Amino acid sequence: DNGDSNDDTNKIREEAIMHLGAIHKTQRDASAIQQLVVELRPFFQTIPKAKTGKIVRALIDEVSLIEGAAETVIQLCKESIEWAETEKRTFLRLPLQAKLASSYYETGQYQDSLKIIVPLLREVRKMDDKRLLVSMHLIESKVQHAQNHLPKARAALTAARTAANSIYCPPQLQAELDMQSGTLHAEEGDYKTAYSYFYEAYESYESLTTAEDKALAQLCLKYMLLTKIMAGNADDVSNLTSGKLALQFADPKLSSMMAIAKAYKAASLHQFQQAKSTYRLELERDTVIHRHLEQLYQKLLEDNLLRIVSPFSQVEISHVASLIELDVNQVEKKLSQMILDKKLPGILDQGNDCLIVFDDPESDGTYPATLETISHIGTVVDSLYTRASRLR
C-alpha cells in the first residue's frame, strides 16, 4: 500500500511540476524554470530515471518557447549535463547534449554545435538509439546548410532518413525531415520537389495540436508560396492563399509573400523593394526566405536591364541607371556580370561610359551537324567491324 501511495504522490508531484513550469513559461520567467530544475534534483533521486529525463527535457523545452531565453537554455543544458555526468545518467545526458547542439545552432554558434554533434553521433550509434540518431543527423544537416556546405547537409539528411526508415517516426520528427528536405531541394533550384516536401511537412504539422506546431505549419505554407514564386508560377500563389488550405493563416506573414508574388508577376523592381520594406520583419528574419528573395531580386534586375537595353545598340550607363532608378555603380557592376555570364551580348566602353550591345549572333549549325555525322560514321564502322568478325 505504501508503494502505491508513493507512486500516487509522485504522480501528483510530477503534474504539479509541469503545471508550475507552464505558469513560469506564461510569465516568461526563464530563470525561475532554471532554478526549479536545480531545486528538484533531490526529488529526482526518488523517482525512476526515465521519469527524471522526461521532466528535465520538458522543463527545458518550456524555456525554449520563451522568446529571448536562448542563452538561458544553453546554460540550463550545460548545468543539467554536468549533473547527469556526475550521477552517471547516460540516457539523460545524450538527449540533453542533443538539445545543447540544437540551441547552439539556433543562436548561430555553428562550430560549437558541430563540436558536440561529431563525438555524440559516434556514441549514439554505439547505443543504437535510432530516434536520437535521426535527430542528431537532422541538426547536423541544418548546421551544415547554415554554413552553406550543401553536400555535407545533403549527406547528413540522407543519413537521418536512412535511420528513420528503420523506426516509427513521430509526426513532428517526420515533418522536420520533410521541411529540411524541402529546404535543400529549394537551395538546389528544384522548386517542384521542394514544394512537395513542404506540403508533406505542412500536413504533418497541421495534424498536431500545439500552438508551436501550428506556427510551423504556417511557416511551411510560406515556404510553399516561396517555391511557387521561385519556380515562376506566381499565379498559383493567389489560388493557394484563397483556398481553405490557408484561410486559417490569413495574416501579414502570408500577405508578405502575396506582395512579393505581385511584384514578380509585374516584373517591377519598385514593387519588389516596396514589399520588402513593408514586410521587412517577416521577410528578412527568416534566412531561407531572405536568401531566395535575394536570388529573385537579381533575376528581376537582370530581366529589367535586358528589357531596357534591348532597343539600343549603344547606350550610356548613366541613362540605363536613370531608367531603372538605381545607382550607376550598381548597374555597371550588374551589366559586367551579365556580359561575363553570357546573358547579355555586348561590352562595356568605360572610356565613354557606355554599353555597346551586339546583335544576337545567328546560331551556326555546322558544329552540331559535324558531331552528328561523326557519331553516325562511328556507328557504321562498329557495325562493319562486327560483320567482318563473323566472316572470319
# chains A, B, ... in the order shown; residues from 1 in each chain; ligands from 1
>>> select_by_dssp(residues="range 215-295 of chain A", states="alpha helix (DSSP H)", output="PyMOL selection string")
chain A and resi 215-230+235-242+244-247+252-265+269-278+280-284+287-295
>>> write_last_selection(atoms="C-alpha atoms", output="PDB file, in the first residue's frame")
ATOM      1  CA  ALA A 215       3.184  28.187 -36.230  1.00  0.00           C
ATOM      2  CA  LEU A 216       5.472  25.730 -38.035  1.00  0.00           C
ATOM      3  CA  ALA A 217       2.569  24.743 -40.320  1.00  0.00           C
ATOM      4  CA  GLN A 218       2.230  28.425 -41.227  1.00  0.00           C
ATOM      5  CA  LEU A 219       5.972  28.601 -41.921  1.00  0.00           C
ATOM      6  CA  CYS A 220       5.684  25.589 -44.260  1.00  0.00           C
ATOM      7  CA  LEU A 221       2.869  27.366 -46.087  1.00  0.00           C
ATOM      8  CA  LYS A 222       5.114  30.431 -46.530  1.00  0.00           C
ATOM      9  CA  TYR A 223       7.817  28.202 -47.996  1.00  0.00           C
ATOM     10  CA  MET A 224       5.249  26.617 -50.331  1.00  0.00           C
ATOM     11  CA  LEU A 225       4.361  30.084 -51.637  1.00  0.00           C
ATOM     12  CA  LEU A 226       8.061  30.911 -51.960  1.00  0.00           C
ATOM     13  CA  THR A 227       8.746  27.834 -54.113  1.00  0.00           C
ATOM     14  CA  LYS A 228       5.821  28.721 -56.378  1.00  0.00           C
ATOM     15  CA  ILE A 229       7.235  32.227 -56.887  1.00  0.00           C
ATOM     16  CA  MET A 230      10.811  30.987 -57.439  1.00  0.00           C
ATOM     17  CA  ASP A 235      -0.222  32.974 -60.411  1.00  0.00           C
ATOM     18  CA  ASP A 236      -0.571  29.896 -58.172  1.00  0.00           C
ATOM     19  CA  VAL A 237       0.069  31.996 -55.039  1.00  0.00           C
ATOM     20  CA  SER A 238      -3.365  33.637 -55.114  1.00  0.00           C
ATOM     21  CA  ASN A 239      -5.012  30.214 -55.598  1.00  0.00           C
ATOM     22  CA  LEU A 240      -3.185  28.788 -52.578  1.00  0.00           C
ATOM     23  CA  THR A 241      -3.901  31.741 -50.305  1.00  0.00           C
ATOM     24  CA  SER A 242      -7.575  31.941 -51.257  1.00  0.00           C
ATOM     25  CA  LYS A 244      -9.292  26.624 -47.445  1.00  0.00           C
ATOM     26  CA  LEU A 245      -5.685  25.463 -47.055  1.00  0.00           C
ATOM     27  CA  ALA A 246      -4.611  28.944 -45.959  1.00  0.00           C
ATOM     28  CA  LEU A 247      -7.733  30.724 -44.761  1.00  0.00           C
ATOM     29  CA  PRO A 252       0.833  39.628 -42.505  1.00  0.00           C
ATOM     30  CA  LYS A 253       3.173  36.644 -42.888  1.00  0.00           C
ATOM     31  CA  LEU A 254       1.218  35.368 -45.882  1.00  0.00           C
ATOM     32  CA  SER A 255       0.443  38.873 -47.103  1.00  0.00           C
ATOM     33  CA  SER A 256       4.187  39.437 -47.445  1.00  0.00           C
ATOM     34  CA  MET A 257       4.532  36.517 -49.868  1.00  0.00           C
ATOM     35  CA  MET A 258       1.470  37.679 -51.821  1.00  0.00           C
ATOM     36  CA  ALA A 259       3.066  41.131 -52.206  1.00  0.00           C
ATOM     37  CA  ILE A 260       6.294  39.543 -53.471  1.00  0.00           C
ATOM     38  CA  ALA A 261       4.290  37.419 -55.930  1.00  0.00           C
ATOM     39  CA  LYS A 262       2.514  40.506 -57.301  1.00  0.00           C
ATOM     40  CA  ALA A 263       5.833  42.322 -57.738  1.00  0.00           C
ATOM     41  CA  TYR A 264       7.361  39.331 -59.533  1.00  0.00           C
ATOM     42  CA  LYS A 265       4.329  38.940 -61.782  1.00  0.00           C
ATOM     43  CA  LEU A 269      11.726  46.198 -59.026  1.00  0.00           C
ATOM     44  CA  HIS A 270       9.997  49.135 -57.349  1.00  0.00           C
ATOM     45  CA  GLN A 271       7.098  46.985 -56.127  1.00  0.00           C
ATOM     46  CA  PHE A 272       9.558  44.306 -55.014  1.00  0.00           C
ATOM     47  CA  GLN A 273      11.586  46.756 -52.907  1.00  0.00           C
ATOM     48  CA  GLN A 274       8.392  48.283 -51.536  1.00  0.00           C
ATOM     49  CA  ALA A 275       7.147  44.840 -50.456  1.00  0.00           C
ATOM     50  CA  LYS A 276      10.491  44.073 -48.778  1.00  0.00           C
ATOM     51  CA  SER A 277      10.339  47.404 -46.946  1.00  0.00           C
ATOM     52  CA  THR A 278       6.722  46.964 -45.843  1.00  0.00           C
ATOM     53  CA  ARG A 280      10.840  43.641 -43.558  1.00  0.00           C
ATOM     54  CA  LEU A 281      10.297  41.755 -40.288  1.00  0.00           C
ATOM     55  CA  GLU A 282       8.533  38.806 -41.943  1.00  0.00           C
ATOM     56  CA  LEU A 283      10.901  38.540 -44.932  1.00  0.00           C
ATOM     57  CA  GLU A 284      14.373  39.271 -43.580  1.00  0.00           C
ATOM     58  CA  THR A 287      17.292  33.197 -43.562  1.00  0.00           C
ATOM     59  CA  VAL A 288      15.760  30.758 -46.088  1.00  0.00           C
ATOM     60  CA  ILE A 289      13.295  33.321 -47.437  1.00  0.00           C
ATOM     61  CA  HIS A 290      15.885  36.125 -47.326  1.00  0.00           C
ATOM     62  CA  ARG A 291      18.376  34.069 -49.346  1.00  0.00           C
ATOM     63  CA  HIS A 292      15.881  33.154 -52.064  1.00  0.00           C
ATOM     64  CA  LEU A 293      14.454  36.661 -52.263  1.00  0.00           C
ATOM     65  CA  GLU A 294      17.965  37.925 -52.966  1.00  0.00           C
ATOM     66  CA  GLN A 295      18.150  35.478 -55.901  1.00  0.00           C
TER      67      GLN A 295
END
>>> residues_around(residues="range 14-30 of chain A", least_positions_apart="5", cutoff="7 Å", atoms="only C-alpha atoms", output="PyMOL selection string")
chain A and resi 59+62-63+66+69+72
>>> atom_distance(atom1="CA of Arg154 in chain A", atom2="CA of Lys299 in chain A")
25.9 Å
>>> atom_distance(atom1="CA of Ile308 in chain A", atom2="CA of Asp364 in chain A")
27.4 Å
>>> atom_distance(atom1="CA of Lys342 in chain A", atom2="CA of Tyr191 in chain A")
24.3 Å
>>> residues_around(residues="range 79-95 of chain A", least_positions_apart="3", cutoff="6 Å", atoms="only C-alpha atoms", output="list of chain:residue names")
A:Gly53, A:Leu76, A:Ala98
>>> write_last_selection(atoms="N, CA and C atoms", output="CSV table (one decimal), in the first residue's frame")
chain,number,residue,atom,x,y,z
A,53,GLY,N,14.3,12.0,-16.7
A,53,GLY,CA,14.6,12.5,-18.1
A,53,GLY,C,13.5,13.2,-18.7
A,76,LEU,N,21.2,26.2,-18.9
A,76,LEU,CA,20.5,25.1,-18.3
A,76,LEU,C,20.9,23.7,-18.8
A,98,ALA,N,22.1,16.7,-27.2
A,98,ALA,CA,21.5,17.0,-28.5
A,98,ALA,C,20.7,18.3,-28.4
>>> residues_around(residues="Glu140 in chain A", least_positions_apart="2", cutoff="8 Å", atoms="only C-alpha atoms", output="ChimeraX atom specification")
/A:114,117,136-138,142-144,153,156
>>> residues_around(residues="Ala160 in chain A", least_positions_apart="6", cutoff="12 Å", atoms="only C-alpha atoms", output="PyMOL selection string")
chain A and resi 121+130-142+153-154+166-167+169+173-174+176-178+180-181
>>> closest_residue(among="A:Pro345, A:Pro151, A:Glu39, A:Leu326", to="Val309 in chain A", atoms="only C-alpha atoms")
A:Pro345
>>> closest_residue(among="A:Gln34, A:Gln314, A:Gln109, A:Asn352", to="Ala146 in chain A", atoms="only C-alpha atoms")
A:Gln109
>>> closest_residue(among="A:Val56, A:Ala164, A:Ala201, A:Leu184", to="Asn148 in chain A", atoms="only C-alpha atoms")
A:Leu184
>>> closest_residue(among="A:Ser313, A:Ala155, A:Thr373, A:Glu332", to="Val357 in chain A", atoms="only C-alpha atoms")
A:Ser313
